[in-house]
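Remarks on the structure that follows.
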Amino acid sequence: MINPYFLMSMLYASLAVLAALDASLASWGFVQWFNGLRWLRVHLITLGVLAEIIFGVAPALTAIRHGLPKPRIRWDIWLTLNGGLAILLIGIPLVNGVLIFTGGTLIFVATLLLMKQLADLRGALPDEQARAEGPRAGQMFYLMGLAYLLLGIIVGTGLWIGWPEALRIKVPIEVHIHANNWGFMSLVFAGLLVDLYPRFAQRPLAWPRSLTAIFWMMTAGALLLVIGPWVKNEMFSVPGIILHLSATFWLLLNAVKPLWGDRLTRQPGFWHLITSYVWIVTPVLVAPLILLKVPGFPGAGIEQNAPQALVYGWVLQFGYALLPYLFTRLFLPKEEARLGGSWFSLIAAHVGGILLWASIFITDYQAILHGAAYAFWAVSLIPVAWQLWSIARAGMARLDELALAD
Ligand code: HEM
């Protein structure tokens, strides 16, 4: 049985190529800016590609951890997630309150159902390593990450229908971005790394017992980063960033140390995975300059563009490494699965990030640089989207052959 979340993720990856191309051509003045594409560009990747995969793999990975049989596909969750996403894809560009409320609510319900499914998965602890990492290693990261997604959805859905005022949120868009990026994505990515690492690296993390501390540091860091813009007080955000980034650094060190000098470090997928985190550090490095309102420093430009650099530089690249790996494991289980991407996609994705940041500072060439950034991101996406289609096609052909042979 093919996992339907993977097919949707592949579909949205292809749409993400088109959206990045459109941003590039519009910056260069070849096509008109299409109102609403700004939302689509970010959310095709975050919700369309990554959230689909997370919903698709989290239950199976948790079941493996607990030594339980693979869970059935829950069509109720699949339908609420994808129904909600389709409605938002129409509702947000049109800024239609009823559609936005309906879409947001459906995704909220899908998230609650997934959390319940994950929480219900409890089994005997299978081995020594799982015991060392704590019984719920990946699972606890998923559950907390999804709790932050619930918060992100409430604020995101309410953005255009007046909820932030009711909730007394001072800077709502930042609360939305922080809950989703520092809360949802960071924690769930950490969970995926914890669950997948022993298999793709063929060894345990350097210090499995550190995971509980990393989990709480990330959780507390994300909470402070949400409270910061909620009450507009940097006294919360600054310690939040320090806690969160320290935990992230510790986690990456856990993954890199055992592999140092190994052949895996000569594969582009490994570098996609690790260096994607450069782009979550960049906004943090310039944040003090915005806070101090350094004269001539383009604070507004950064606030407008940094979220996209974060999504294309970090979220997307993390996906480049993991998606082809997961696709191979699902569609072609007899083949050796490797982290995805290529040297080309690695270089193109990073050049895209550098150009986007350059477009913020070099105002004379802003449009050209902005367009070039999206052009690089689009060309970095094409081979990976193609890789996913090829793996899925080969896998489905194999299933057809099996069905004919029955
Ligand atoms: C039901 C789910 C969601 C809803 C209803 C939603 C809604 C919104 C809305 C209305 C905006 C403002 C767009 C604008 O100002 O042009 C926005 C921006 C944003 N959202 Fe979401 N969102 C959702 C999920 C997510 C997730 C899961 C992520 C990331 C993990 C995310 C990351 C972002 C980012 C980074 C921006 C800023 C985009 C920019 O400034 O270009 N959102 N979202």
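Here's how to read the names in the structure tokens: chain A, B, ... by the order shown, residue numbers from 1 in each chain, ligand numbers from 1 in the order shown.
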>> To check your reading of the model: which residues sit at most 6 Å from ligand 1 when counting only C-alpha atoms and all ligand atoms? Write the answer as a list in words.
In response: Arg38, Trp39, Val42, His43, Thr46, Leu47, Gly104, Ile107, Ile153, Gly156, Thr157, Leu159, Ile177, Asn180, Asn181, Met185, Gln304, Pro307 and Gln308 of chain A
Dump as a Markdown table the rows for residues of range 237-284 of chain A within 12 Å of range 195-216 of chain A: closest atom pair and distance in Å with one decimal, only C-alpha atoms counted, ordered by chain and rising residue number.
```
| residue | atom | partner | partner_atom | distance |
| --- | --- | --- | --- | --- |
| A:Gly240 | CA | A:Trp216 | CA | 11.8 |
| A:Leu243 | CA | A:Ile214 | CA | 9.3 |
| A:His244 | CA | A:Ile214 | CA | 8.7 |
| A:Leu245 | CA | A:Ile214 | CA | 10.1 |
| A:Ser246 | CA | A:Ile214 | CA | 8.5 |
| A:Ala247 | CA | A:Ile214 | CA | 5.0 |
| A:Thr248 | CA | A:Ile214 | CA | 7.6 |
| A:Phe249 | CA | A:Ile214 | CA | 9.5 |
| A:Trp250 | CA | A:Ile214 | CA | 7.3 |
| A:Leu251 | CA | A:Ile214 | CA | 7.0 |
| A:Leu252 | CA | A:Leu205 | CA | 9.6 |
| A:Leu253 | CA | A:Ala206 | CA | 7.8 |
| A:Asn254 | CA | A:Ala206 | CA | 4.7 |
| A:Ala255 | CA | A:Leu205 | CA | 5.6 |
| A:Val256 | CA | A:Ala206 | CA | 8.2 |
| A:Lys257 | CA | A:Ala206 | CA | 6.4 |
| A:Pro258 | CA | A:Ala206 | CA | 5.8 |
| A:Leu259 | CA | A:Ala201 | CA | 7.4 |
| A:Trp260 | CA | A:Ala206 | CA | 11.0 |
| A:Asp262 | CA | A:Ala201 | CA | 9.3 |
| A:Arg263 | CA | A:Ala201 | CA | 10.0 |
| A:Leu264 | CA | A:Ala201 | CA | 7.5 |
| A:Thr265 | CA | A:Ala201 | CA | 10.0 |
| A:Gln267 | CA | A:Ala201 | CA | 11.8 |
| A:Gly269 | CA | A:Phe200 | CA | 10.9 |
| A:Phe270 | CA | A:Ala201 | CA | 9.7 |
| A:Leu273 | CA | A:Tyr197 | CA | 11.3 |
```
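Within the 7 Å cut-off around range 355-370 of chain A, using only C-alpha atoms and omitting residues fewer than 6 positions from it on the same chain, the listed residues are Ser27, Trp28, Pro298, Gly301, Ile302 and Ala309 of chain A.
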Please, could you write that set of residues out with N, CA and C atoms as a compact mmCIF listing (two decimals), in the first residue's frame?
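Dumped everything to out_8.txt:
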```txt
# COMPACT_ATOMS: atom_id res chain seq x y z
N SER A 27 10.37 39.22 -9.99
CA SER A 27 11.40 40.17 -9.54
C SER A 27 12.09 40.80 -10.73
N TRP A 28 12.29 40.03 -11.77
CA TRP A 28 12.98 40.55 -12.95
C TRP A 28 12.03 41.32 -13.87
N PRO A 298 19.06 47.82 7.14
CA PRO A 298 17.71 47.66 6.57
C PRO A 298 16.82 46.70 7.36
N GLY A 301 13.62 45.48 5.61
CA GLY A 301 13.91 44.51 4.53
C GLY A 301 14.18 43.13 5.11
N ILE A 302 14.85 43.10 6.24
CA ILE A 302 15.16 41.81 6.85
C ILE A 302 13.89 41.14 7.35
N ALA A 309 14.04 33.27 3.54
CA ALA A 309 15.38 32.69 3.49
C ALA A 309 15.46 31.50 4.44
```
Against range 319-338 of chain A, which residues of range 349-398 of chain A fall within 9 Å? For each one I want the closest pair of atoms and the distance in Å (one decimal), counting only C-alpha atoms, rows by chain and increasing residue number, as JSON lines.
```
{"residue": "A:Leu381", "atom": "CA", "partner": "A:Tyr320", "partner_atom": "CA", "distance": 8.1}
{"residue": "A:Val384", "atom": "CA", "partner": "A:Tyr320", "partner_atom": "CA", "distance": 6.5}
{"residue": "A:Ala385", "atom": "CA", "partner": "A:Tyr320", "partner_atom": "CA", "distance": 8.8}
{"residue": "A:Gln387", "atom": "CA", "partner": "A:Pro324", "partner_atom": "CA", "distance": 6.9}
{"residue": "A:Leu388", "atom": "CA", "partner": "A:Pro324", "partner_atom": "CA", "distance": 5.9}
{"residue": "A:Ile391", "atom": "CA", "partner": "A:Thr328", "partner_atom": "CA", "distance": 6.3}
{"residue": "A:Ala392", "atom": "CA", "partner": "A:Phe331", "partner_atom": "CA", "distance": 6.0}
{"residue": "A:Arg393", "atom": "CA", "partner": "A:Phe331", "partner_atom": "CA", "distance": 8.6}
{"residue": "A:Ala394", "atom": "CA", "partner": "A:Phe331", "partner_atom": "CA", "distance": 7.6}
{"residue": "A:Gly395", "atom": "CA", "partner": "A:Phe331", "partner_atom": "CA", "distance": 4.5}
{"residue": "A:Met396", "atom": "CA", "partner": "A:Phe331", "partner_atom": "CA", "distance": 7.2}
{"residue": "A:Arg398", "atom": "CA", "partner": "A:Leu332", "partner_atom": "CA", "distance": 8.3}
```
Just list the residues in range 279-389 of chain A DSSP gives alpha helix (DSSP H) on the backbone, as an mmCIF file with N, CA and C atoms, in the first residue's frame.
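File written: states.cif
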```cif
data_model
loop_
_atom_site.group_PDB
_atom_site.id
_atom_site.type_symbol
_atom_site.label_atom_id
_atom_site.label_comp_id
_atom_site.auth_asym_id
_atom_site.auth_seq_id
_atom_site.Cartn_x
_atom_site.Cartn_y
_atom_site.Cartn_z
ATOM 1 N N TRP A 279 21.225 28.566 7.919
ATOM 2 C CA TRP A 279 20.214 29.586 7.609
ATOM 3 C C TRP A 279 19.284 29.863 8.771
ATOM 4 N N ILE A 280 19.339 29.041 9.814
ATOM 5 C CA ILE A 280 18.555 29.454 10.988
ATOM 6 C C ILE A 280 19.415 30.336 11.891
ATOM 7 N N VAL A 281 20.734 30.232 11.702
ATOM 8 C CA VAL A 281 21.607 31.076 12.531
ATOM 9 C C VAL A 281 21.697 32.494 11.961
ATOM 10 N N THR A 282 21.651 32.627 10.609
ATOM 11 C CA THR A 282 21.858 33.961 9.999
ATOM 12 C C THR A 282 20.940 35.047 10.574
ATOM 13 N N PRO A 283 19.602 34.814 10.607
ATOM 14 C CA PRO A 283 18.762 35.901 11.151
ATOM 15 C C PRO A 283 19.121 36.226 12.593
ATOM 16 N N VAL A 284 19.580 35.212 13.317
ATOM 17 C CA VAL A 284 19.914 35.448 14.720
ATOM 18 C C VAL A 284 21.127 36.367 14.834
ATOM 19 N N LEU A 285 22.084 36.198 13.891
ATOM 20 C CA LEU A 285 23.293 37.017 13.949
ATOM 21 C C LEU A 285 22.991 38.490 13.682
ATOM 22 N N VAL A 286 21.998 38.745 12.800
ATOM 23 C CA VAL A 286 21.727 40.157 12.501
ATOM 24 C C VAL A 286 20.670 40.754 13.433
ATOM 25 N N ALA A 287 19.964 39.874 14.176
ATOM 26 C CA ALA A 287 18.880 40.374 15.046
ATOM 27 C C ALA A 287 19.334 41.490 15.993
ATOM 28 N N PRO A 288 20.521 41.367 16.638
ATOM 29 C CA PRO A 288 20.908 42.449 17.556
ATOM 30 C C PRO A 288 20.998 43.800 16.848
ATOM 31 N N LEU A 289 21.425 43.783 15.568
ATOM 32 C CA LEU A 289 21.551 45.051 14.843
ATOM 33 C C LEU A 289 20.173 45.671 14.603
ATOM 34 N N ILE A 290 19.147 44.805 14.399
ATOM 35 C CA ILE A 290 17.788 45.339 14.227
ATOM 36 C C ILE A 290 17.305 45.899 15.558
ATOM 37 N N LEU A 291 17.543 45.124 16.620
ATOM 38 C CA LEU A 291 17.044 45.554 17.931
ATOM 39 C C LEU A 291 17.679 46.878 18.349
ATOM 40 N N GLY A 299 16.445 47.129 8.575
ATOM 41 C CA GLY A 299 15.643 46.266 9.445
ATOM 42 C C GLY A 299 14.361 45.783 8.784
ATOM 43 N N ALA A 300 13.652 46.714 8.103
ATOM 44 C CA ALA A 300 12.365 46.340 7.503
ATOM 45 C C ALA A 300 12.571 45.288 6.419
ATOM 46 N N GLY A 301 13.620 45.478 5.608
ATOM 47 C CA GLY A 301 13.911 44.513 4.533
ATOM 48 C C GLY A 301 14.180 43.135 5.105
ATOM 49 N N ILE A 302 14.846 43.103 6.243
ATOM 50 C CA ILE A 302 15.163 41.809 6.851
ATOM 51 C C ILE A 302 13.891 41.145 7.349
ATOM 52 N N GLU A 303 13.051 41.939 8.033
ATOM 53 C CA GLU A 303 11.821 41.345 8.552
ATOM 54 C C GLU A 303 10.962 40.795 7.421
ATOM 55 N N GLN A 304 11.011 41.472 6.254
ATOM 56 C CA GLN A 304 10.186 41.019 5.124
ATOM 57 C C GLN A 304 10.750 39.770 4.454
ATOM 58 N N ASN A 305 12.070 39.678 4.400
ATOM 59 C CA ASN A 305 12.681 38.605 3.595
ATOM 60 C C ASN A 305 13.258 37.442 4.386
ATOM 61 N N ALA A 306 13.656 37.718 5.646
ATOM 62 C CA ALA A 306 14.318 36.655 6.407
ATOM 63 C C ALA A 306 13.477 35.376 6.533
ATOM 64 N N PRO A 307 12.133 35.498 6.750
ATOM 65 C CA PRO A 307 11.369 34.251 6.894
ATOM 66 C C PRO A 307 11.479 33.363 5.668
ATOM 67 N N GLN A 308 11.554 33.987 4.478
ATOM 68 C CA GLN A 308 11.622 33.158 3.279
ATOM 69 C C GLN A 308 12.995 32.516 3.138
ATOM 70 N N ALA A 309 14.040 33.269 3.541
ATOM 71 C CA ALA A 309 15.384 32.686 3.486
ATOM 72 C C ALA A 309 15.461 31.501 4.444
ATOM 73 N N LEU A 310 14.750 31.623 5.551
ATOM 74 C CA LEU A 310 14.740 30.546 6.544
ATOM 75 C C LEU A 310 14.053 29.301 5.968
ATOM 76 N N LEU A 316 13.654 23.682 3.476
ATOM 77 C CA LEU A 316 13.692 22.992 2.186
ATOM 78 C C LEU A 316 14.919 22.091 2.074
ATOM 79 N N GLN A 317 16.072 22.605 2.502
ATOM 80 C CA GLN A 317 17.291 21.789 2.381
ATOM 81 C C GLN A 317 17.272 20.562 3.283
ATOM 82 N N PHE A 318 16.688 20.716 4.455
ATOM 83 C CA PHE A 318 16.534 19.558 5.340
ATOM 84 C C PHE A 318 15.696 18.508 4.589
ATOM 85 N N GLY A 319 14.671 19.016 3.889
ATOM 86 C CA GLY A 319 13.821 18.123 3.082
ATOM 87 C C GLY A 319 14.596 17.474 1.936
ATOM 88 N N TYR A 320 15.503 18.226 1.295
ATOM 89 C CA TYR A 320 16.302 17.657 0.192
ATOM 90 C C TYR A 320 17.040 16.399 0.658
ATOM 91 N N ALA A 321 17.555 16.472 1.905
ATOM 92 C CA ALA A 321 18.317 15.330 2.415
ATOM 93 C C ALA A 321 17.382 14.181 2.782
ATOM 94 N N LEU A 322 16.295 14.502 3.485
ATOM 95 C CA LEU A 322 15.489 13.410 4.054
ATOM 96 C C LEU A 322 14.452 12.823 3.104
ATOM 97 N N LEU A 323 13.853 13.663 2.238
ATOM 98 C CA LEU A 323 12.746 13.146 1.433
ATOM 99 C C LEU A 323 13.152 12.001 0.500
ATOM 100 N N PRO A 324 14.220 12.176 -0.314
ATOM 101 C CA PRO A 324 14.586 11.060 -1.196
ATOM 102 C C PRO A 324 14.951 9.806 -0.389
ATOM 103 N N TYR A 325 15.552 10.007 0.797
ATOM 104 C CA TYR A 325 15.896 8.876 1.653
ATOM 105 C C TYR A 325 14.617 8.119 2.059
ATOM 106 N N LEU A 326 13.619 8.894 2.525
ATOM 107 C CA LEU A 326 12.375 8.264 2.975
ATOM 108 C C LEU A 326 11.620 7.658 1.798
ATOM 109 N N PHE A 327 11.624 8.361 0.659
ATOM 110 C CA PHE A 327 10.941 7.830 -0.535
ATOM 111 C C PHE A 327 11.546 6.479 -0.924
ATOM 112 N N THR A 328 12.900 6.380 -0.903
ATOM 113 C CA THR A 328 13.524 5.104 -1.298
ATOM 114 C C THR A 328 13.120 4.013 -0.314
ATOM 115 N N ARG A 329 13.123 4.349 0.983
ATOM 116 C CA ARG A 329 12.752 3.317 1.958
ATOM 117 C C ARG A 329 11.318 2.858 1.749
ATOM 118 N N LEU A 330 10.446 3.772 1.347
ATOM 119 C CA LEU A 330 9.038 3.393 1.193
ATOM 120 C C LEU A 330 8.769 2.711 -0.149
ATOM 121 N N PHE A 331 9.239 3.342 -1.227
ATOM 122 C CA PHE A 331 8.866 2.834 -2.554
ATOM 123 C C PHE A 331 9.788 1.713 -3.027
ATOM 124 N N TRP A 343 25.549 17.567 -5.269
ATOM 125 C CA TRP A 343 26.438 18.723 -5.049
ATOM 126 C C TRP A 343 25.845 19.959 -5.702
ATOM 127 N N PHE A 344 25.172 19.733 -6.852
ATOM 128 C CA PHE A 344 24.557 20.861 -7.560
ATOM 129 C C PHE A 344 23.466 21.516 -6.700
ATOM 130 N N SER A 345 22.558 20.671 -6.150
ATOM 131 C CA SER A 345 21.463 21.264 -5.355
ATOM 132 C C SER A 345 22.022 21.918 -4.094
ATOM 133 N N LEU A 346 23.098 21.342 -3.555
ATOM 134 C CA LEU A 346 23.695 21.906 -2.335
ATOM 135 C C LEU A 346 24.234 23.313 -2.620
ATOM 136 N N ILE A 347 25.000 23.415 -3.715
ATOM 137 C CA ILE A 347 25.595 24.721 -4.025
ATOM 138 C C ILE A 347 24.499 25.723 -4.411
ATOM 139 N N ALA A 348 23.563 25.264 -5.267
ATOM 140 C CA ALA A 348 22.518 26.191 -5.740
ATOM 141 C C ALA A 348 21.668 26.698 -4.569
ATOM 142 N N ALA A 349 21.333 25.821 -3.635
ATOM 143 C CA ALA A 349 20.478 26.255 -2.512
ATOM 144 C C ALA A 349 21.217 27.292 -1.656
ATOM 145 N N HIS A 350 22.512 27.064 -1.417
ATOM 146 C CA HIS A 350 23.254 28.033 -0.594
ATOM 147 C C HIS A 350 23.489 29.340 -1.344
ATOM 148 N N VAL A 351 23.756 29.247 -2.654
ATOM 149 C CA VAL A 351 23.926 30.494 -3.426
ATOM 150 C C VAL A 351 22.621 31.294 -3.362
ATOM 151 N N GLY A 352 21.470 30.594 -3.450
ATOM 152 C CA GLY A 352 20.165 31.264 -3.340
ATOM 153 C C GLY A 352 20.077 32.041 -2.030
ATOM 154 N N GLY A 353 20.463 31.412 -0.933
ATOM 155 C CA GLY A 353 20.399 32.074 0.379
ATOM 156 C C GLY A 353 21.302 33.293 0.432
ATOM 157 N N ILE A 354 22.526 33.136 -0.110
ATOM 158 C CA ILE A 354 23.475 34.257 -0.084
ATOM 159 C C ILE A 354 22.913 35.428 -0.912
ATOM 160 N N LEU A 355 22.331 35.098 -2.077
ATOM 161 C CA LEU A 355 21.803 36.169 -2.940
ATOM 162 C C LEU A 355 20.619 36.864 -2.279
ATOM 163 N N LEU A 356 19.768 36.091 -1.593
ATOM 164 C CA LEU A 356 18.620 36.732 -0.961
ATOM 165 C C LEU A 356 19.081 37.720 0.112
ATOM 166 N N TRP A 357 20.058 37.298 0.903
ATOM 167 C CA TRP A 357 20.574 38.214 1.928
ATOM 168 C C TRP A 357 21.279 39.395 1.277
ATOM 169 N N ALA A 358 21.984 39.145 0.156
ATOM 170 C CA ALA A 358 22.637 40.259 -0.549
ATOM 171 C C ALA A 358 21.579 41.246 -1.040
ATOM 172 N N SER A 359 20.412 40.734 -1.485
ATOM 173 C CA SER A 359 19.371 41.633 -2.011
ATOM 174 C C SER A 359 18.847 42.566 -0.914
ATOM 175 N N ILE A 360 18.950 42.146 0.335
ATOM 176 C CA ILE A 360 18.465 43.004 1.419
ATOM 177 C C ILE A 360 19.431 44.183 1.625
ATOM 178 N N PHE A 361 20.731 43.889 1.477
ATOM 179 C CA PHE A 361 21.730 44.925 1.794
ATOM 180 C C PHE A 361 22.108 45.784 0.587
ATOM 181 N N GLN A 366 18.575 45.363 -5.869
ATOM 182 C CA GLN A 366 17.673 44.516 -5.098
ATOM 183 C C GLN A 366 16.863 43.538 -5.952
ATOM 184 N N ALA A 367 16.199 44.075 -7.000
ATOM 185 C CA ALA A 367 15.293 43.219 -7.781
ATOM 186 C C ALA A 367 16.071 42.116 -8.491
ATOM 187 N N ILE A 368 17.229 42.482 -9.053
ATOM 188 C CA ILE A 368 18.017 41.476 -9.784
ATOM 189 C C ILE A 368 18.470 40.371 -8.837
ATOM 190 N N LEU A 369 18.974 40.784 -7.673
ATOM 191 C CA LEU A 369 19.484 39.790 -6.720
ATOM 192 C C LEU A 369 18.355 38.922 -6.165
ATOM 193 N N HIS A 370 17.214 39.567 -5.884
ATOM 194 C CA HIS A 370 16.064 38.844 -5.354
ATOM 195 C C HIS A 370 15.604 37.793 -6.373
ATOM 196 N N GLY A 371 15.525 38.237 -7.637
ATOM 197 C CA GLY A 371 15.118 37.309 -8.705
ATOM 198 C C GLY A 371 16.112 36.171 -8.849
ATOM 199 N N ALA A 372 17.415 36.519 -8.755
ATOM 200 C CA ALA A 372 18.439 35.487 -8.924
ATOM 201 C C ALA A 372 18.366 34.476 -7.771
ATOM 202 N N ALA A 373 18.058 34.967 -6.556
ATOM 203 C CA ALA A 373 17.961 34.053 -5.408
ATOM 204 C C ALA A 373 16.899 32.989 -5.686
ATOM 205 N N TYR A 374 15.718 33.456 -6.114
ATOM 206 C CA TYR A 374 14.644 32.484 -6.377
ATOM 207 C C TYR A 374 14.963 31.590 -7.558
ATOM 208 N N ALA A 375 15.697 32.140 -8.547
ATOM 209 C CA ALA A 375 16.073 31.297 -9.696
ATOM 210 C C ALA A 375 16.972 30.162 -9.205
ATOM 211 N N PHE A 376 17.925 30.473 -8.324
ATOM 212 C CA PHE A 376 18.811 29.416 -7.801
ATOM 213 C C PHE A 376 18.024 28.406 -6.976
ATOM 214 N N TRP A 377 17.095 28.916 -6.170
ATOM 215 C CA TRP A 377 16.309 27.968 -5.359
ATOM 216 C C TRP A 377 15.476 27.076 -6.270
ATOM 217 N N ALA A 378 14.892 27.692 -7.320
ATOM 218 C CA ALA A 378 14.058 26.875 -8.219
ATOM 219 C C ALA A 378 14.914 25.809 -8.896
ATOM 220 N N VAL A 379 16.107 26.183 -9.408
ATOM 221 C CA VAL A 379 16.909 25.151 -10.087
ATOM 222 C C VAL A 379 17.457 24.124 -9.092
ATOM 223 N N SER A 380 17.613 24.522 -7.823
ATOM 224 C CA SER A 380 18.070 23.509 -6.863
ATOM 225 C C SER A 380 16.944 22.527 -6.560
ATOM 226 N N LEU A 381 15.704 23.013 -6.663
ATOM 227 C CA LEU A 381 14.545 22.155 -6.348
ATOM 228 C C LEU A 381 14.257 21.146 -7.472
ATOM 229 N N ILE A 382 14.501 21.579 -8.719
ATOM 230 C CA ILE A 382 14.095 20.735 -9.858
ATOM 231 C C ILE A 382 14.695 19.321 -9.769
ATOM 232 N N PRO A 383 16.051 19.179 -9.599
ATOM 233 C CA PRO A 383 16.567 17.794 -9.574
ATOM 234 C C PRO A 383 16.028 16.973 -8.413
ATOM 235 N N VAL A 384 15.743 17.634 -7.281
ATOM 236 C CA VAL A 384 15.246 16.858 -6.144
ATOM 237 C C VAL A 384 13.797 16.422 -6.405
ATOM 238 N N ALA A 385 12.979 17.360 -6.941
ATOM 239 C CA ALA A 385 11.591 16.984 -7.270
ATOM 240 C C ALA A 385 11.611 15.849 -8.293
ATOM 241 N N TRP A 386 12.533 15.913 -9.255
ATOM 242 C CA TRP A 386 12.646 14.879 -10.279
ATOM 243 C C TRP A 386 13.054 13.533 -9.649
ATOM 244 N N GLN A 387 14.013 13.629 -8.714
ATOM 245 C CA GLN A 387 14.467 12.427 -8.001
ATOM 246 C C GLN A 387 13.266 11.758 -7.296
ATOM 247 N N LEU A 388 12.419 12.577 -6.664
ATOM 248 C CA LEU A 388 11.266 12.015 -5.951
ATOM 249 C C LEU A 388 10.301 11.339 -6.920
ATOM 250 N N TRP A 389 10.010 12.030 -8.045
ATOM 251 C CA TRP A 389 9.120 11.429 -9.049
ATOM 252 C C TRP A 389 9.703 10.100 -9.539
#
```
> Separation of CA of Ala110 in chain A and CA of Thr80 in chain A, in Å?
Replying inline: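 Atom-to-atom, CA of Ala110 in chain A to CA of Thr80 in chain A, that is 5.4 Å.
Put simply, CA of Ala20 in chain A is 19.3 Å away from CA of Glu52 in chain A.
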>> Under the rule that only C-alpha atoms are counted, which of A:Ile154, A:Ala86, A:Val238, A:Leu68 is the nearest residue to Phe108 in chain A?
In response: A:Ile154
>> Neighbouring residues of Ala63 in chain A were defined as those with any atom within 7 Å, considering only C-alpha atoms; residues of the same chain fewer than 6 positions away were excluded. Please report them as a list in words.
In response: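 Final neighbour list, sorted by chain and number: Pro69, Lys70 and Leu121 of chain A.
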Could those selected residues go to a file with N, CA and C atoms, as a short mmCIF file (atom, residue, chain, number, x, y, z; two decimals), in the first residue's frame?
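The resulting file, result.cif, is reproduced below:
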```
data_model
loop_
_atom_site.label_atom_id
_atom_site.label_comp_id
_atom_site.auth_asym_id
_atom_site.auth_seq_id
_atom_site.Cartn_x
_atom_site.Cartn_y
_atom_site.Cartn_z
N PRO A 69 3.68 -3.24 15.37
CA PRO A 69 3.49 -3.36 13.93
C PRO A 69 3.19 -2.00 13.29
N LYS A 70 3.49 -1.91 11.99
CA LYS A 70 3.29 -0.63 11.29
C LYS A 70 1.80 -0.23 11.36
N LEU A 121 0.39 5.21 20.79
CA LEU A 121 1.36 4.17 20.43
C LEU A 121 2.33 3.95 21.59
#
```
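Across the structure, CA of Leu88 in chain A and CA of Leu193 in chain A are spaced 29.4 Å apart.
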> From the set A:Ile45, A:Leu112, A:Leu339, A:Ile169, which residue has the shortest atom-to-atom contact distance to Val231 in chain A, counting only C-alpha atoms?
Replying inline: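 For Val231 in chain A, the nearest of the given residues is A:Ile169.
Minimum distance to Val171 in chain A across A:Gly152, A:Pro239, A:Gly83, A:Pro229 (counting only C-alpha atoms) occurs at A:Pro229.
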> For Phe184 in chain A, which residue among A:Ile64, A:Val57, A:Leu399, A:Met144 is the nearest when counting only C-alpha atoms?
Replying inline: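 Ranked by minimum distance to Phe184 in chain A, first place goes to A:Met144.
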